[in-house]
Every structure is written in structure tokens, then in C-alpha cells.
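Below is run-v1.txt, which holds compact mmCIF, C-alpha atoms and all ligand atoms.
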```txt
# COMPACT_ATOMS: atom_id res chain seq x y z
CA MET V 126 -13.80 51.15 100.39
CA LYS V 127 -15.30 54.44 101.44
CA TYR V 128 -16.48 55.82 98.09
CA SER V 129 -17.20 53.48 95.16
CA LEU V 130 -15.79 54.30 91.74
CA PRO V 131 -19.20 55.29 90.28
CA PHE V 132 -19.72 57.60 93.27
CA ARG V 133 -16.33 59.28 92.85
CA ILE V 134 -16.92 59.74 89.13
CA TRP V 135 -20.28 61.29 89.97
CA HIS V 136 -18.68 63.61 92.55
CA TRP V 137 -16.03 65.02 90.22
CA LEU V 138 -18.31 65.33 87.20
CA ASN V 139 -20.83 67.10 89.41
CA ALA V 140 -18.17 69.45 90.84
CA PHE V 141 -16.98 70.29 87.31
CA VAL V 142 -20.50 70.90 85.99
CA VAL V 143 -21.65 73.01 88.96
CA LEU V 144 -18.46 75.11 88.88
CA GLY V 145 -18.96 75.51 85.11
CA LEU V 146 -22.55 76.66 85.58
CA LEU V 147 -21.42 79.17 88.20
CA ALA V 148 -18.71 80.38 85.79
CA THR V 149 -21.28 81.04 83.05
CA VAL V 150 -23.40 83.04 85.51
CA PHE V 151 -20.33 84.98 86.63
CA LEU V 152 -19.48 85.88 83.02
CA ARG V 153 -23.08 86.84 82.27
CA LYS V 154 -23.11 89.19 85.24
CA THR V 155 -19.66 90.70 84.69
CA PHE V 156 -17.48 90.74 81.52
CA LEU V 157 -20.35 89.75 79.25
CA SER V 158 -23.13 91.77 80.89
CA TRP V 159 -25.21 93.28 78.11
CA ARG V 160 -25.85 96.41 80.15
CA THR V 161 -22.15 97.18 80.56
CA ASN V 162 -21.21 96.10 77.04
CA SER V 163 -24.01 97.96 75.26
CA GLU V 164 -22.83 101.18 76.90
CA LEU V 165 -19.25 100.38 75.98
CA LEU V 166 -20.22 99.67 72.36
CA MET V 167 -22.16 102.94 72.06
CA GLN V 168 -19.31 104.90 73.58
CA LYS V 169 -16.53 103.30 71.51
CA LEU V 170 -18.52 103.52 68.28
CA ALA V 171 -19.30 107.18 68.99
CA GLU V 172 -15.56 107.80 69.24
CA ILE V 173 -15.23 106.67 65.61
CA ASP V 174 -18.31 108.68 64.61
CA ILE V 175 -20.81 105.85 64.44
CA GLU V 176 -24.04 106.53 66.24
CA ILE V 177 -26.17 103.57 67.27
CA SER V 178 -29.28 103.56 69.43
CA ALA V 179 -29.45 101.96 72.87
CA GLN V 180 -31.73 99.31 71.36
CA GLN V 181 -29.18 98.45 68.64
CA ALA V 182 -26.38 98.36 71.19
CA LYS V 183 -28.43 95.93 73.30
CA VAL V 184 -28.87 93.58 70.33
CA LEU V 185 -25.11 93.61 69.69
CA ALA V 186 -24.17 93.10 73.33
CA LYS V 187 -26.58 90.18 73.65
CA ALA V 188 -25.17 88.61 70.48
CA ILE V 189 -21.68 88.74 72.03
CA ARG V 190 -22.98 86.98 75.14
CA ALA V 191 -25.02 84.30 73.31
CA GLY V 192 -22.21 81.86 72.47
CA MET V 193 -21.02 81.80 76.07
CA TRP V 194 -24.55 81.32 77.45
CA GLU V 195 -25.05 78.21 75.30
CA TRP V 196 -22.68 76.61 77.78
CA HIS V 197 -25.14 77.30 80.57
CA ILE V 198 -27.70 75.22 78.71
CA LEU V 199 -25.23 72.44 77.76
CA LEU V 200 -23.93 72.20 81.32
CA GLY V 201 -27.56 72.45 82.43
CA TYR V 202 -28.44 69.27 80.51
CA SER V 203 -25.40 67.60 82.07
CA LEU V 204 -26.59 68.60 85.52
CA ALA V 205 -30.04 67.11 84.86
CA PHE V 206 -28.30 63.89 83.81
CA LEU V 207 -26.17 63.95 86.98
CA VAL V 208 -29.31 64.24 89.11
CA ILE V 209 -30.59 61.01 87.56
CA TYR V 210 -27.14 59.42 88.01
CA ARG V 211 -27.22 60.38 91.73
CA VAL V 212 -30.72 58.94 92.21
CA ALA V 213 -29.50 55.67 90.64
CA LEU V 214 -26.52 55.64 93.04
CA PHE V 215 -28.88 56.12 95.95
CA PHE V 216 -30.61 52.87 95.08
CA LEU V 217 -27.71 50.85 93.69
CA ASP V 218 -24.64 51.94 95.64
CA SER V 219 -24.28 51.29 99.36
CA SER V 220 -20.59 52.30 99.65
CA GLN V 221 -20.98 55.45 101.74
CA LYS V 222 -24.13 54.73 103.70
CA GLU V 223 -23.83 55.41 107.44
CA SER V 224 -26.70 55.61 109.85
CA PHE V 225 -27.61 59.25 110.43
CA THR V 226 -28.27 58.84 114.16
CA SER V 227 -24.73 57.55 114.84
CA LEU V 228 -23.13 60.74 113.49
CA THR V 229 -21.69 63.59 115.56
CA LEU V 230 -23.61 66.87 115.53
CA HIS V 231 -21.07 68.39 113.18
CA LYS V 232 -21.38 65.50 110.71
CA LYS V 233 -25.15 65.76 110.88
CA ALA V 234 -24.87 69.42 109.86
CA VAL V 235 -22.52 68.46 107.00
CA LYS V 236 -24.98 65.79 105.82
CA LEU V 237 -27.81 68.28 106.05
CA SER V 238 -25.89 70.65 103.77
CA TYR V 239 -25.63 67.77 101.23
CA TYR V 240 -29.37 67.05 101.43
CA LEU V 241 -30.03 70.74 100.84
CA PHE V 242 -27.60 70.64 97.93
CA TYR V 243 -29.52 67.73 96.36
CA ALA V 244 -32.87 69.49 96.79
CA VAL V 245 -31.43 72.67 95.28
CA THR V 246 -29.83 70.81 92.36
CA LEU V 247 -33.08 69.04 91.59
CA PHE V 248 -34.92 72.36 91.68
CA MET V 249 -32.32 74.12 89.49
CA SER V 250 -32.48 71.33 86.89
CA VAL V 251 -36.26 71.24 86.68
CA SER V 252 -36.71 75.03 86.73
CA GLY V 253 -33.85 75.54 84.25
CA LEU V 254 -35.34 73.04 81.80
CA VAL V 255 -38.78 74.59 82.22
CA ILE V 256 -37.47 78.10 81.42
CA HIS V 257 -35.53 76.78 78.46
CA PHE V 258 -38.52 74.91 77.01
CA TYR V 259 -41.27 77.31 78.14
CA GLU V 260 -42.76 77.63 74.66
CA ALA V 261 -42.97 73.88 74.06
CA LEU V 262 -44.60 73.62 77.50
CA SER V 263 -47.14 76.31 76.45
CA LEU V 264 -46.11 78.62 79.28
CA SER V 265 -46.46 82.37 78.93
CA LYS V 266 -43.35 84.55 78.80
CA GLU V 267 -44.43 86.06 82.13
CA SER V 268 -44.60 82.68 83.88
CA ALA V 269 -41.21 81.73 82.44
CA HIS V 270 -39.87 85.03 83.76
CA ASP V 271 -41.30 84.38 87.24
CA ILE V 272 -39.70 80.93 87.31
CA LYS V 273 -36.42 82.48 86.22
CA GLU V 274 -36.58 84.87 89.19
CA VAL V 275 -36.86 81.90 91.59
CA HIS V 276 -34.13 79.99 89.65
CA GLU V 277 -31.89 83.03 90.15
CA LEU V 278 -32.80 83.37 93.83
CA VAL V 279 -32.12 79.70 94.66
CA TYR V 280 -28.76 79.98 92.86
CA ASN V 281 -27.55 81.98 95.88
CA PHE V 282 -27.55 78.79 97.96
CA LEU V 283 -24.81 77.40 95.69
CA LEU V 284 -22.78 80.58 96.09
CA ILE V 285 -22.66 79.74 99.80
CA PHE V 286 -22.48 75.93 99.56
CA VAL V 287 -19.53 75.64 97.14
CA PRO V 288 -16.95 77.78 99.03
CA LEU V 289 -18.18 76.41 102.37
CA HIS V 290 -17.86 72.79 101.15
CA ILE V 291 -14.39 73.27 99.67
CA THR V 292 -13.05 75.12 102.75
CA GLY V 293 -14.81 72.56 104.96
CA VAL V 294 -13.15 69.52 103.40
CA VAL V 295 -9.74 71.24 103.38
CA ILE V 296 -10.08 72.06 107.11
CA ALA V 297 -11.27 68.51 107.90
CA GLU V 298 -8.34 67.09 105.93
CA ASN V 299 -5.92 69.15 108.05
CA ARG V 300 -7.53 68.34 111.38
CA ASP V 301 -8.94 64.92 112.17
CA GLU V 302 -9.84 63.47 108.78
CA LYS V 303 -6.46 63.00 107.13
CA GLY V 304 -6.86 61.49 103.68
CA LEU V 305 -10.47 62.66 103.29
CA ILE V 306 -9.83 64.44 99.99
CA SER V 307 -7.69 61.65 98.53
CA SER V 308 -10.42 59.17 99.51
CA MET V 309 -12.71 61.03 97.09
CA VAL V 310 -10.00 60.34 94.46
CA ASN V 311 -8.80 56.79 95.28
CA GLY V 312 -11.79 55.48 97.23
CA ARG V 313 -9.78 54.23 100.21
CA SER V 314 -10.87 55.27 103.65
C1 LIG M 401 -13.10 71.20 94.02
C2 LIG M 401 -12.95 70.85 95.26
C3 LIG M 401 -13.75 69.80 95.96
C4 LIG M 401 -13.22 68.90 96.83
C5 LIG M 401 -11.75 68.79 97.24
C6 LIG M 401 -14.30 68.07 97.31
C7 LIG M 401 -14.17 67.04 98.20
C8 LIG M 401 -15.18 66.29 98.75
C9 LIG M 401 -15.04 65.28 99.77
C10 LIG M 401 -13.72 64.87 100.40
C11 LIG M 401 -16.27 64.80 100.07
C12 LIG M 401 -16.62 63.78 101.13
C13 LIG M 401 -16.90 64.56 102.37
C14 LIG M 401 -17.68 63.82 103.40
O1 LIG M 401 -17.68 62.59 103.41
O2 LIG M 401 -18.36 64.53 104.19
C15 LIG M 401 -17.22 65.49 99.23
C16 LIG M 401 -18.59 65.25 99.22
C17 LIG M 401 -19.48 65.94 98.43
N1 LIG M 401 -19.18 66.95 97.52
FE1 LIG M 401 -17.34 67.69 97.13
N2 LIG M 401 -15.47 68.47 96.72
C18 LIG M 401 -15.18 69.53 95.89
C19 LIG M 401 -16.07 70.22 95.11
C20 LIG M 401 -17.44 70.01 95.10
C21 LIG M 401 -18.38 70.80 94.34
C22 LIG M 401 -18.04 71.99 93.46
C23 LIG M 401 -19.62 70.27 94.58
C24 LIG M 401 -20.92 70.70 94.06
C25 LIG M 401 -21.34 71.89 94.09
C26 LIG M 401 -19.46 69.16 95.51
C27 LIG M 401 -20.49 68.39 96.01
C28 LIG M 401 -20.37 67.39 96.95
C29 LIG M 401 -21.47 66.66 97.53
C30 LIG M 401 -22.95 66.84 97.18
C31 LIG M 401 -20.92 65.75 98.44
C32 LIG M 401 -21.68 64.76 99.31
C33 LIG M 401 -21.88 63.47 98.65
C34 LIG M 401 -22.73 62.57 99.52
O3 LIG M 401 -22.21 62.10 100.55
O4 LIG M 401 -23.90 62.39 99.19
N3 LIG M 401 -18.12 69.02 95.79
N4 LIG M 401 -16.54 66.38 98.44
C1 LIG M 402 -26.25 74.74 89.41
C2 LIG M 402 -27.22 74.94 88.61
C3 LIG M 402 -27.61 76.27 88.01
C4 LIG M 402 -27.29 77.54 88.40
C5 LIG M 402 -26.42 77.96 89.57
C6 LIG M 402 -27.98 78.45 87.51
C7 LIG M 402 -27.97 79.83 87.60
C8 LIG M 402 -28.71 80.70 86.83
C9 LIG M 402 -28.84 82.12 87.04
C10 LIG M 402 -28.18 82.90 88.19
C11 LIG M 402 -29.63 82.62 86.08
C12 LIG M 402 -30.06 84.07 85.90
C13 LIG M 402 -29.06 84.78 85.03
C14 LIG M 402 -29.36 86.25 84.93
O1 LIG M 402 -30.44 86.61 84.45
O2 LIG M 402 -28.49 87.07 85.30
C15 LIG M 402 -30.01 81.52 85.22
C16 LIG M 402 -30.80 81.63 84.11
C17 LIG M 402 -31.16 80.56 83.31
N1 LIG M 402 -30.80 79.23 83.49
FE1 LIG M 402 -29.74 78.47 85.01
N2 LIG M 402 -28.65 77.73 86.56
C18 LIG M 402 -28.46 76.38 86.84
C19 LIG M 402 -28.97 75.31 86.15
C20 LIG M 402 -29.68 75.42 84.97
C21 LIG M 402 -30.17 74.28 84.22
C22 LIG M 402 -30.04 72.81 84.63
C23 LIG M 402 -30.78 74.78 83.13
C24 LIG M 402 -31.45 73.97 82.05
C25 LIG M 402 -30.98 73.71 80.91
C26 LIG M 402 -30.70 76.24 83.19
C27 LIG M 402 -31.22 77.14 82.27
C28 LIG M 402 -31.33 78.49 82.46
C29 LIG M 402 -32.06 79.38 81.57
C30 LIG M 402 -32.80 78.96 80.30
C31 LIG M 402 -31.96 80.68 82.12
C32 LIG M 402 -32.63 81.95 81.58
C33 LIG M 402 -31.67 82.71 80.72
C34 LIG M 402 -32.31 83.92 80.09
O3 LIG M 402 -33.12 84.60 80.73
O4 LIG M 402 -31.94 84.20 78.95
N3 LIG M 402 -30.02 76.59 84.33
N4 LIG M 402 -29.44 80.35 85.70
```
Can the structure in the file be given as C-alpha cells, please?
Ligand code: HEM
Ligand code: HEM
Amino acid sequence: MKYSLPFRIWHWLNAFVVLGLLATVFLRKTFLSWRTNSELLMQKLAEIDIEISAQQAKVLAKAIRAGMWEWHILLGYSLAFLVIYRVALFFLDSSQKESFTSLTLHKKAVKLSYYLFYAVTLFMSVSGLVIHFYEALSLSKESAHDIKEVHELVYNFLLIFVPLHITGVVIAENRDEKGLISSMVNGRS
């Protein structure tokens, strides 16, 4: 057994949740961007002789985005849960433990990218929850905003990690690690 069942379940739930979080960010920055949509609303309403101010257009555009963004928070809670799940696996599951020193240089680099991923995921969960609950935590709006800036900056790591990881495992599967991807599905090495 290479990967235990609880580990594989964790992996695929985590992949789904992280891809979902990235999808909500993508939508927020593109099709549901309030900047783009408020301009569109003003322009299209003007065409039917309704004048609204930029401020009113902003309120409308943000209302259109709100339902989608709730998913960022829901998936965010799921991610925080998955961090706890992964910590539990670290202590309870010995299925994929190999000694670091016995690995090739390439595998060390791959492992390092996973450690970075875990650090980033922990940071994203804590910072995300802090921004979401800033009032209950008696933080000022300015502090919450500063944390959000760092939350947004660190997100860039995932934009690199996810495509690199997926291409990496596909390449490994086709070279010298045949069955690597199916082992994350059926657990056999
Ligand atoms: C959707 C396509 C994906 C495939 C086919 C895939 C496949 C795999 C495979 C085969 C491994 C084991 C590789 C190894 O032993 O070095 C692995 C590990 C891992 N994957 Fe994925 N993965 C996918 C998506 C993701 C996503 C979206 C994330 C999170 C952003 C993710 C996070 C991880 C992590 C953190 C590990 C390392 C687990 C550990 O050893 O601690 N994967 N993945
Ligand atoms: C993989 C993990 C995550 C990624 C990649 C991510 C990404 C982002 C990005 C890029 C932004 C800035 C959006 C913008 O202003 O354009 C953001 C904002 C935010 N995120 Fe996350 N996030 C993650 C996890 C979480 C978690 C776990 C929570 C907690 C529930 C959370 C809650 C928030 C909140 C409350 C905001 C501020 C939204 C606002 O200003 O209205 N995020 N996130």
C-alpha cells in the first residue's frame, strides 16, 4: 500500500476544494468583477434611458457577485477542516512515509514543494478566517485590509503550484513512475 484510503480521500477532497477556491477567485477577477460589471450596468442602463451613479452601479455589481463569493467562504471552511485532517494524518497515518535523506534530488524538490504547499495552505486558512471574522476579533477594517493584501499575495504561490503539480505528476506517470496517478486512486504502488 502506497497511499492509505484516508490519505487518498484527503488528497482528492483537497484538490477539489483548492481548485474550487481558485475558481471563485478567477470569477471575482473576471466575469464577476464589480469594476467591469458596474461600467457595463451603467452603459446598458443608459441605453434604455436610465441614469445611475457610479456608486449605485457599484452596489448592484457587488450584489451580483455576492452569491458566488459565498462559495469562497464555504470552501474556505472546508479548507480549514482539511488542514486539521492533514495534521491528524501526519500523526496517525504512516502509509507514505519515506526517509527524506534517501530521496533523489528531484524527489527532494518535489517534497519541498509539498511542504511549501502545507505552509501556504495553513496561512491561507488562518488569514482567510481572520479576514472573515475581523469584527468578532475586534480588528480594525484597516488591519483586515492589510491581512487581505498578504492573503492575496500568497495566493500566487498556488497559481504556480497547482499547474506545476498536475503537469509534474502527468510527466512522471509517462516516464519512470508508471501507475503513479492511479496509485493516488487505488492505493497500490
Ligand atoms: C487534478 C489533478 C491531480 C492529480 C492527477 C494529482 C496527483 C497526485 C499524485 C499522483 C500525488 C503523489 C505524488 C508523489 O508521491 O510525489 C499527489 C500528491 C499531492 N497532491 Fe496532487 N494531484 C492533483 C491535484 C492536486 C491539487 C489541485 C492539489 C492541491 C492544490 C494537490 C495537492 C497534493 C499534495 C499536497 C500532494 C502531496 C501529499 C504528500 O505527500 O504529503 N494535488 N498528487
Ligand atoms: C487556497 C486557499 C485560498 C485562496 C487561493 C484564496 C484567495 C483569495 C484571494 C486572491 C482573495 C482576494 C480577492 C480579491 O480581492 O480580488 C481572497 C479574499 C478573501 N478570502 Fe481567500 N483564499 C483562500 C482561502 C480562504 C479561506 C480558508 C478563507 C476563510 C474562510 C478565505 C476568506 C477570504 C475573505 C474573507 C476574503 C476577502 C474578501 C473581500 O475583501 O470581500 N479565503 N482570497
Handout entry: All residues 12 Å or closer to stretch 257-262 of chain V, all atoms listed in the file, same chain fewer than 3 positions away omitted, as a ChimeraX atom specification
Key = /V:194-195,197-199,201-202,249-254,265-273,276
Practice task
Can you tell me which residues come within 7 Å of ligand LIG 401 (chain M) when counting only C-alpha atoms and all ligand atoms, ideally as a PyMOL selection string?
Solution key: chain V and resi 136+139-141+143-144+221+235-236+239+242-243+283+286-287+290-291+294-295+305-306+308-309
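Across the structure, atom CA of V:Phe216 and atom CA of V:Pro288 are spaced 28.7 Å apart.
Considering all atoms listed in the file, the residue among V:Leu157, V:Ala205, V:Ile175, V:Leu289 positioned nearest to ligand LIG 402 (chain M) is V:Ala205.
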Completion exercise
The distance between atom CA of V:Asn311 and atom CA of V:Pro131 is 11.6 Å
Could you put an axis-aligned box around every listed atom of ligand LIG 402 (chain M), padded by 5 Å on each side, and send me its centre and edge lengths in Å to one decimal, as AutoDock Vina command-line options?
```
--center_x -29.7 --center_y 79.9 --center_z 84.3 --size_x 16.9 --size_y 24.3 --size_z 20.6
```
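With distances restricted to only C-alpha atoms and all ligand atoms, V:Ser158 is the closest residue to ligand LIG 402 (chain M) from V:Asn299, V:Ser224, V:Ser158, V:Ser263.
Reported to one decimal place, the separation of atom C9 of ligand LIG 402 (chain M) from atom CA of V:Leu146 is 8.5 Å.
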Handout entry: From V:Gln181, V:Thr229, V:Asn281, V:Ser129, residue lying nearest ligand LIG 402 (chain M) [all atoms listed in the file]
Key = V:Asn281
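Among the candidates V:Ile285, V:Ile256, V:Leu237, V:Ile189, the residue lying nearest to ligand LIG 402 (chain M) is V:Ile256 (atoms considered: all atoms listed in the file).
Closest approach to V:Leu207 among V:Met167, V:Thr155, V:Leu247, V:Tyr280: V:Leu247, based on all atoms listed in the file.
Distance check against V:Ser314 using only C-alpha atoms: of V:Ser220, V:Ala244, V:Leu264, V:Glu176, the minimum falls on V:Ser220.
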Practice task
Using all atoms listed in the file, find all polymer residues with an atom at most 9 Å away from the point (-26.5, 94.8, 72.5); report them as a ChimeraX atom specification.
Solution key: /V:159-160,162-164,166,179-190
